[in-house]
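Containing mmCIF, C-alpha atoms: coords-v2.cif.
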```
data_data
#
loop_
_atom_site.label_atom_id
_atom_site.label_comp_id
_atom_site.auth_asym_id
_atom_site.auth_seq_id
_atom_site.Cartn_x
_atom_site.Cartn_y
_atom_site.Cartn_z
CA PHE A 12 45.03 57.57 -46.70
CA ILE A 13 44.04 54.66 -49.00
CA ASP A 14 41.00 54.10 -46.81
CA ALA A 15 39.88 57.70 -47.32
CA MET A 16 39.99 57.29 -51.10
CA ALA A 17 38.26 53.93 -50.94
CA SER A 18 35.52 55.47 -48.80
CA VAL A 19 34.55 57.75 -51.68
CA GLU A 20 35.20 55.13 -54.39
CA MET A 21 38.28 56.80 -55.87
CA ALA A 22 41.27 54.79 -57.07
CA PRO A 23 44.83 56.05 -56.59
CA VAL A 24 47.32 55.69 -59.41
CA GLY A 25 50.09 54.82 -56.96
CA ILE A 26 50.44 53.49 -53.42
CA ALA A 27 53.41 53.23 -51.08
CA ASP A 28 52.70 49.59 -50.24
CA ASP A 29 56.12 48.68 -48.81
CA LYS A 30 56.73 46.73 -52.04
CA SER A 31 54.08 44.18 -51.07
CA ARG A 32 50.71 44.45 -52.83
CA LYS A 33 49.12 42.02 -50.37
CA LYS A 34 49.38 44.69 -47.67
CA VAL A 35 46.56 46.49 -49.44
CA VAL A 36 43.81 44.25 -48.11
CA PRO A 37 40.80 42.99 -50.11
CA GLU A 38 38.45 45.22 -48.09
CA LEU A 39 40.19 48.16 -49.81
CA THR A 40 40.82 46.71 -53.27
CA ARG A 41 37.09 46.01 -53.59
CA HIS A 42 36.73 49.80 -53.78
CA ILE A 43 39.95 50.96 -55.45
CA GLY A 44 40.66 48.03 -57.76
CA ASN A 45 44.13 46.63 -58.51
CA ASP A 46 45.42 48.92 -61.25
CA TRP A 47 47.57 51.09 -58.99
CA VAL A 48 51.37 51.06 -59.15
CA SER A 49 53.64 50.47 -56.17
CA VAL A 50 55.76 53.55 -55.45
CA GLY A 51 57.93 51.79 -52.88
CA THR A 52 57.99 51.95 -49.10
CA ARG A 53 55.96 54.23 -46.88
CA LYS A 54 59.18 55.46 -45.27
CA GLN A 55 60.95 56.24 -48.55
CA PRO A 56 58.69 56.22 -51.62
CA SER A 57 60.31 56.58 -55.03
CA LEU A 58 59.92 60.13 -56.31
CA GLU A 59 60.88 58.94 -59.79
CA VAL A 60 58.03 56.43 -59.90
CA ILE A 61 55.59 58.97 -58.47
CA ALA A 62 56.59 61.49 -61.14
CA SER A 63 56.16 58.90 -63.89
CA LEU A 64 52.53 58.42 -62.85
CA ARG A 65 51.77 62.13 -63.35
CA PRO A 66 49.36 62.37 -60.39
CA ASP A 67 46.98 65.30 -59.92
CA LEU A 68 47.47 65.15 -56.13
CA ILE A 69 49.97 63.64 -53.68
CA ILE A 70 48.92 62.80 -50.12
CA ALA A 71 51.98 62.55 -47.88
CA ASP A 72 52.66 61.71 -44.23
CA LYS A 73 53.97 64.45 -41.95
CA LYS A 74 56.47 62.33 -40.02
CA ARG A 75 57.77 60.32 -42.97
CA HIS A 76 57.75 62.75 -45.86
CA SER A 77 58.26 66.32 -44.60
CA ALA A 78 61.88 66.27 -45.78
CA VAL A 79 60.83 65.60 -49.39
CA TYR A 80 57.77 67.86 -49.42
CA ASP A 81 59.38 70.36 -51.79
CA SER A 82 60.34 67.61 -54.22
CA MET A 83 56.85 66.12 -54.09
CA SER A 84 55.30 69.55 -54.63
CA GLU A 85 57.30 69.94 -57.83
CA ILE A 86 55.59 66.78 -59.12
CA ALA A 87 52.01 67.67 -58.12
CA PRO A 88 50.05 69.63 -55.50
CA THR A 89 50.86 67.90 -52.19
CA ILE A 90 48.97 67.80 -48.91
CA VAL A 91 50.77 66.61 -45.79
CA LEU A 92 48.74 64.89 -43.08
CA ASN A 93 49.54 62.89 -39.97
CA SER A 94 49.09 59.18 -40.63
CA LEU A 95 51.74 57.61 -38.42
CA GLY A 96 50.80 59.72 -35.40
CA SER A 97 47.05 59.98 -35.93
CA THR A 98 44.28 59.03 -33.53
CA TYR A 99 40.83 57.83 -34.52
CA GLU A 100 39.37 61.33 -34.11
CA SER A 101 42.14 63.10 -36.02
CA ASN A 102 41.95 60.51 -38.79
CA ILE A 103 38.25 61.25 -39.28
CA GLU A 104 39.08 64.94 -39.66
CA GLN A 105 41.85 64.13 -42.12
CA MET A 106 39.45 62.05 -44.20
CA LYS A 107 37.28 65.15 -44.54
CA LEU A 108 40.30 67.16 -45.71
CA ILE A 109 41.20 64.52 -48.28
CA ALA A 110 37.62 64.49 -49.52
CA ARG A 111 37.71 68.26 -49.92
CA ALA A 112 40.91 68.03 -51.94
CA LEU A 113 39.30 65.37 -54.14
CA GLY A 114 36.03 67.25 -54.58
CA LYS A 115 34.15 64.49 -52.76
CA GLU A 116 32.92 66.27 -49.62
CA GLN A 117 29.29 65.16 -49.86
CA ALA A 118 30.25 61.54 -50.58
CA MET A 119 32.54 61.53 -47.54
CA GLN A 120 29.88 63.11 -45.34
CA ASP A 121 27.43 60.39 -46.32
CA ARG A 122 30.01 57.66 -45.73
CA LEU A 123 30.99 59.01 -42.31
CA GLN A 124 27.35 59.12 -41.24
CA LYS A 125 27.07 55.42 -42.04
CA HIS A 126 30.29 54.74 -40.18
CA GLN A 127 29.08 56.63 -37.09
CA ALA A 128 25.92 54.52 -37.06
CA VAL A 129 28.06 51.36 -37.08
CA MET A 130 30.24 52.63 -34.22
CA ASP A 131 27.17 53.60 -32.20
CA ARG A 132 25.74 50.12 -32.71
CA TYR A 133 28.99 48.48 -31.57
CA SER A 134 29.15 50.70 -28.49
CA LYS A 135 25.61 49.69 -27.48
CA LEU A 136 26.36 46.00 -28.07
CA ILE A 137 29.57 46.08 -26.06
CA GLN A 138 28.40 48.25 -23.15
CA ASN A 139 31.53 48.18 -20.99
CA SER A 140 29.53 48.51 -17.79
CA GLU A 141 32.36 47.02 -15.72
CA GLY A 142 34.70 49.81 -16.75
CA LEU A 143 37.30 47.37 -18.07
CA THR A 144 40.56 48.76 -19.41
CA ALA A 145 41.94 47.49 -22.72
CA GLN A 146 45.51 47.47 -24.01
CA PHE A 147 46.82 46.71 -27.50
CA GLY A 148 50.41 45.96 -28.42
CA VAL A 149 52.52 44.37 -31.13
CA ALA A 150 55.32 41.84 -30.76
CA ASN A 151 58.05 40.43 -32.94
CA ALA A 152 60.84 38.01 -32.06
CA ASN A 153 62.77 40.67 -30.15
CA GLY A 154 60.28 42.69 -28.17
CA LEU A 155 56.82 43.94 -27.23
CA TRP A 156 55.60 47.46 -27.98
CA LEU A 157 52.44 48.69 -26.29
CA HIS A 158 50.38 51.34 -28.06
CA GLY A 159 49.74 54.21 -25.67
CA PRO A 160 46.62 56.39 -25.33
CA MET A 161 47.79 58.63 -28.21
CA ALA A 162 48.04 55.70 -30.65
CA TYR A 163 45.35 54.91 -33.20
CA ALA A 164 44.28 51.52 -31.79
CA ALA A 165 43.93 52.92 -28.28
CA SER A 166 41.73 55.75 -29.55
CA VAL A 167 39.44 53.27 -31.33
CA LEU A 168 39.13 51.25 -28.13
CA LYS A 169 38.37 54.49 -26.28
CA LYS A 170 35.64 55.28 -28.80
CA LEU A 171 34.09 51.89 -28.01
CA GLY A 172 34.17 52.54 -24.26
CA PHE A 173 37.50 51.07 -23.13
CA ASP A 174 39.99 53.35 -21.39
CA SER A 175 43.70 52.74 -21.62
CA PRO A 176 45.43 51.59 -18.41
CA MET A 177 48.46 53.67 -19.46
CA THR A 178 47.77 57.05 -17.90
CA ASN A 179 51.27 58.48 -17.44
CA THR A 180 52.58 58.69 -20.99
CA ASP A 181 52.04 60.83 -24.04
CA LYS A 182 54.01 58.45 -26.25
CA ALA A 183 52.25 56.43 -28.90
CA TYR A 184 54.51 53.36 -28.99
CA ILE A 185 56.32 52.07 -25.90
CA PRO A 186 58.83 49.18 -25.75
CA THR A 187 57.65 47.11 -22.79
CA SER A 188 59.09 44.35 -20.62
CA LEU A 189 57.00 41.75 -18.80
CA GLU A 190 57.69 43.57 -15.54
CA GLN A 191 56.37 46.81 -16.98
CA LEU A 192 53.34 45.04 -18.45
CA ALA A 193 52.60 43.59 -14.99
CA GLN A 194 52.57 47.11 -13.56
CA ILE A 195 50.14 48.30 -16.24
CA ASN A 196 48.05 45.13 -15.75
CA PRO A 197 45.16 45.73 -18.19
CA ASP A 198 41.81 43.99 -17.85
CA ILE A 199 41.90 43.11 -21.56
CA LEU A 200 45.12 42.53 -23.51
CA LEU A 201 45.27 42.30 -27.29
CA VAL A 202 48.58 41.48 -28.97
CA GLY A 203 49.35 41.36 -32.66
CA GLU A 204 52.31 39.09 -33.37
CA TYR A 205 54.49 39.73 -36.42
CA THR A 206 56.51 36.54 -35.82
CA ASP A 207 55.75 33.03 -34.64
CA PRO A 208 56.95 32.45 -32.01
CA SER A 209 57.02 36.02 -30.74
CA PHE A 210 58.62 37.69 -27.76
CA VAL A 211 55.33 37.39 -25.86
CA ASP A 212 55.24 33.61 -26.31
CA GLY A 213 58.30 33.47 -24.08
CA PHE A 214 56.24 34.82 -21.17
CA ALA A 215 53.94 31.78 -21.03
CA GLN A 216 55.52 30.00 -18.07
CA ASP A 217 56.38 33.12 -16.07
CA ALA A 218 54.41 33.77 -12.88
CA LEU A 219 54.10 37.48 -13.73
CA TRP A 220 52.37 36.58 -16.98
CA LYS A 221 50.05 34.06 -15.36
CA ASN A 222 49.02 36.65 -12.75
CA LEU A 223 48.04 39.33 -15.25
CA LYS A 224 44.33 40.11 -14.92
CA ALA A 225 43.81 39.63 -18.64
CA VAL A 226 45.46 36.20 -18.58
CA LYS A 227 43.77 34.97 -15.38
CA ASN A 228 40.34 36.07 -16.61
CA LYS A 229 40.85 34.73 -20.15
CA ARG A 230 40.80 38.19 -21.68
CA PHE A 231 44.09 37.88 -23.55
CA PHE A 232 43.58 37.79 -27.31
CA ASN A 233 45.88 37.32 -30.28
CA VAL A 234 44.83 39.64 -33.10
CA THR A 235 46.17 40.32 -36.59
CA ALA A 236 49.08 42.73 -36.21
CA HIS A 237 48.81 44.25 -39.68
CA THR A 238 45.10 44.99 -39.31
CA TRP A 239 45.29 46.44 -35.81
CA SER A 240 48.51 48.39 -36.18
CA ARG A 241 48.67 49.59 -39.80
CA LEU A 242 45.14 49.81 -41.21
CA ARG A 243 43.75 53.11 -40.00
CA GLY A 244 40.40 53.92 -41.49
CA ILE A 245 36.70 53.22 -41.49
CA ILE A 246 36.77 50.38 -44.02
CA ALA A 247 39.85 48.43 -42.89
#
```
Once you've parsed the file, please lay out its structure as structure tokens.
Amino acid sequence: FIDAMASVEMAPVGIADDKSRKKVVPELTRHIGNDWVSVGTRKQPSLEVIASLRPDLIIADKKRHSAVYDSMSEIAPTIVLNSLGSTYESNIEQMKLIARALGKEQAMQDRLQKHQAVMDRYSKLIQNSEGLTAQFGVANANGLWLHGPMAYAASVLKKLGFDSPMTNTDKAYIPTSLEQLAQINPDILLVGEYTDPSFVDGFAQDALWKNLKAVKNKRFFNVTAHTWSRLRGIIA
């Protein structure tokens, strides 16, 4: 939701930044500045802090905040959207709704037109003529979670021409063993690691890992977990 506000050059008074301001990346603060107040975690923001800021509008997440919707609505008009479970396409539609609530519909329309031109240019540059599949996942010290076709990252890859190799699930986030990964066997594998070493680093000497198409063809890539998994917008 921060990205939507940044896209129309509006600064929020408060952000649920998980008590870490650095999670709001410079690509966003260039547009929204640094004067906002942390209201706590995304999972459990502080209603007291939110109320103290006297906002004109609260934008809440359906999965995380439905239980406190009534309390939020007593503070300010509240719209509830789907951030945690959104896809690329649904996020674009939600950005339009946010813009309407902010009175910035024309500014958002102009910004989305520019974004579409960028995505079209990337699609032409990439041209996945081989029909390669691409899979993104995140890992920490204890496990690997692949992001299924209904997850945000997978829908961005789809937009750029890469289908997901996971065709038999409607789940967004799937805990995955090496054996299960070998069955999925994507042509391209991108993993964001939250720890170093991560669970995936333990696969390095295993024959199943070495025989993955992505590994054999040097199409395994380490990417920034925070960027790929948590930043869902057209700026970041």
Original post:
So how many Å separate CA of Arg241 (chain A) and CA of Thr89 (chain A), to one decimal?
Top reply: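 Between CA of Arg241 (chain A) and CA of Thr89 (chain A) the gap works out to 22.2 Å.
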What are the nearest atom pairs, with distances in Å to one decimal, for all residues of region 71-182 of chain A that come at most 10 Å from region 204-224 of chain A, using only C-alpha atoms, set out by chain and rising residue number as a tab-separated table?
```
residue	atom	partner	partner_atom	distance
A:Gly148	CA	A:Glu204	CA	8.7
A:Val149	CA	A:Glu204	CA	5.7
A:Ala150	CA	A:Glu204	CA	4.8
A:Asn151	CA	A:Tyr205	CA	5.0
A:Ala152	CA	A:Ser209	CA	4.5
A:Asn153	CA	A:Phe210	CA	5.6
A:Gly154	CA	A:Phe210	CA	5.3
A:Leu155	CA	A:Phe210	CA	6.5
```
Hey, can I get the axis-aligned box for region 61-74 of chain A? All listed atoms, 5 Å padding on each side, centre and edge lengths in Å to one decimal, as AutoDock Vina command-line options.
```
--center_x 51.8 --center_y 61.9 --center_z -52.0 --size_x 19.6 --size_y 16.9 --size_z 33.9
```
Subject >> Residue neighbourhood Lys30 (chain A), 12 Å, only C-alpha atoms, exclusion window fewer than 3 positions, as a list in words >> reply: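 Listed by chain and then number, they are Gly25, Ile26, Ala27, Lys33, Lys34, Val35, Val48, Ser49, Val50, Gly51, Thr52, Arg53, Lys54, Gln55, Pro56 and Ser57 of chain A.
Proximity to Met106 (chain A) was assessed for A:His42, A:Lys170, A:Arg32, A:Arg243 counting only C-alpha atoms; the smallest distance is recorded for A:Arg243.
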Subject >> Point-to-point distance in Å for CA of Ile245 (chain A) and CA of Tyr133 (chain A) >> reply: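 CA of Ile245 (chain A) lies at a distance of 13.4 Å from CA of Tyr133 (chain A).
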Saved region 85-110 of chain A from the preceding structure, N, CA, C and O atoms, as a compact mmCIF listing (two decimals), in the first residue's frame:
```txt
# COMPACT_ATOMS: atom_id res chain seq x y z
N GLU A 85 -13.37 3.25 13.89
CA GLU A 85 -13.69 4.26 14.88
C GLU A 85 -12.66 5.39 14.90
O GLU A 85 -12.95 6.51 15.31
N ILE A 86 -11.44 5.07 14.41
CA ILE A 86 -10.37 6.07 14.36
C ILE A 86 -10.52 6.95 13.12
O ILE A 86 -10.40 8.18 13.18
N ALA A 87 -10.76 6.29 11.96
CA ALA A 87 -10.86 7.00 10.68
C ALA A 87 -11.53 6.08 9.66
O ALA A 87 -11.56 4.86 9.86
N PRO A 88 -12.07 6.64 8.57
CA PRO A 88 -12.58 5.78 7.50
C PRO A 88 -11.50 4.77 7.09
O PRO A 88 -10.34 5.15 6.91
N THR A 89 -11.90 3.51 6.97
CA THR A 89 -10.94 2.42 6.73
C THR A 89 -11.33 1.61 5.52
O THR A 89 -12.49 1.18 5.40
N ILE A 90 -10.39 1.41 4.62
CA ILE A 90 -10.61 0.50 3.50
C ILE A 90 -9.74 -0.73 3.70
O ILE A 90 -8.60 -0.63 4.15
N VAL A 91 -10.30 -1.89 3.41
CA VAL A 91 -9.61 -3.16 3.62
C VAL A 91 -9.34 -3.80 2.26
O VAL A 91 -10.27 -4.09 1.50
N LEU A 92 -8.07 -4.02 1.98
CA LEU A 92 -7.66 -4.61 0.70
C LEU A 92 -6.78 -5.82 0.97
O LEU A 92 -6.40 -6.10 2.10
N ASN A 93 -6.48 -6.55 -0.09
CA ASN A 93 -5.74 -7.80 0.05
C ASN A 93 -4.28 -7.61 -0.35
O ASN A 93 -3.95 -7.69 -1.52
N SER A 94 -3.43 -7.34 0.63
CA SER A 94 -2.01 -7.19 0.35
C SER A 94 -1.29 -8.53 0.40
O SER A 94 -0.61 -8.93 -0.54
N LEU A 95 -1.45 -9.25 1.50
CA LEU A 95 -0.73 -10.50 1.71
C LEU A 95 -1.06 -11.52 0.64
O LEU A 95 -0.19 -12.27 0.20
N GLY A 96 -2.30 -11.54 0.18
CA GLY A 96 -2.70 -12.55 -0.80
C GLY A 96 -2.89 -12.01 -2.20
O GLY A 96 -3.53 -12.65 -3.03
N SER A 97 -2.32 -10.85 -2.50
CA SER A 97 -2.56 -10.24 -3.81
C SER A 97 -1.64 -10.79 -4.88
O SER A 97 -0.54 -11.24 -4.62
N THR A 98 -2.12 -10.74 -6.11
CA THR A 98 -1.30 -11.01 -7.29
C THR A 98 -0.93 -9.68 -7.94
O THR A 98 -1.43 -8.62 -7.52
N TYR A 99 -0.11 -9.73 -8.96
CA TYR A 99 0.26 -8.51 -9.67
C TYR A 99 -0.98 -7.80 -10.21
O TYR A 99 -1.15 -6.59 -10.03
N GLU A 100 -1.87 -8.58 -10.85
CA GLU A 100 -3.05 -7.98 -11.47
C GLU A 100 -3.98 -7.38 -10.42
O GLU A 100 -4.50 -6.27 -10.59
N SER A 101 -4.22 -8.11 -9.33
CA SER A 101 -5.12 -7.59 -8.30
C SER A 101 -4.51 -6.39 -7.60
O SER A 101 -5.22 -5.47 -7.17
N ASN A 102 -3.20 -6.36 -7.48
CA ASN A 102 -2.54 -5.22 -6.86
C ASN A 102 -2.71 -3.95 -7.70
O ASN A 102 -2.92 -2.86 -7.14
N ILE A 103 -2.65 -4.09 -9.01
CA ILE A 103 -2.88 -2.94 -9.89
C ILE A 103 -4.28 -2.39 -9.66
O ILE A 103 -4.48 -1.16 -9.57
N GLU A 104 -5.26 -3.27 -9.57
CA GLU A 104 -6.64 -2.83 -9.34
C GLU A 104 -6.78 -2.16 -7.98
O GLU A 104 -7.51 -1.18 -7.83
N GLN A 105 -6.09 -2.69 -6.97
CA GLN A 105 -6.15 -2.09 -5.65
C GLN A 105 -5.50 -0.72 -5.61
O GLN A 105 -5.95 0.18 -4.88
N MET A 106 -4.45 -0.53 -6.41
CA MET A 106 -3.82 0.79 -6.50
C MET A 106 -4.82 1.82 -7.03
O MET A 106 -4.85 2.97 -6.59
N LYS A 107 -5.65 1.40 -7.97
CA LYS A 107 -6.68 2.30 -8.51
C LYS A 107 -7.70 2.66 -7.43
O LYS A 107 -8.15 3.82 -7.35
N LEU A 108 -8.06 1.69 -6.60
CA LEU A 108 -9.01 1.94 -5.52
C LEU A 108 -8.43 2.91 -4.48
O LEU A 108 -9.13 3.80 -3.99
N ILE A 109 -7.16 2.70 -4.16
CA ILE A 109 -6.50 3.60 -3.21
C ILE A 109 -6.46 5.02 -3.78
O ILE A 109 -6.73 5.99 -3.07
N ALA A 110 -6.13 5.12 -5.06
CA ALA A 110 -6.08 6.44 -5.69
C ALA A 110 -7.44 7.13 -5.64
O ALA A 110 -7.54 8.34 -5.42
```
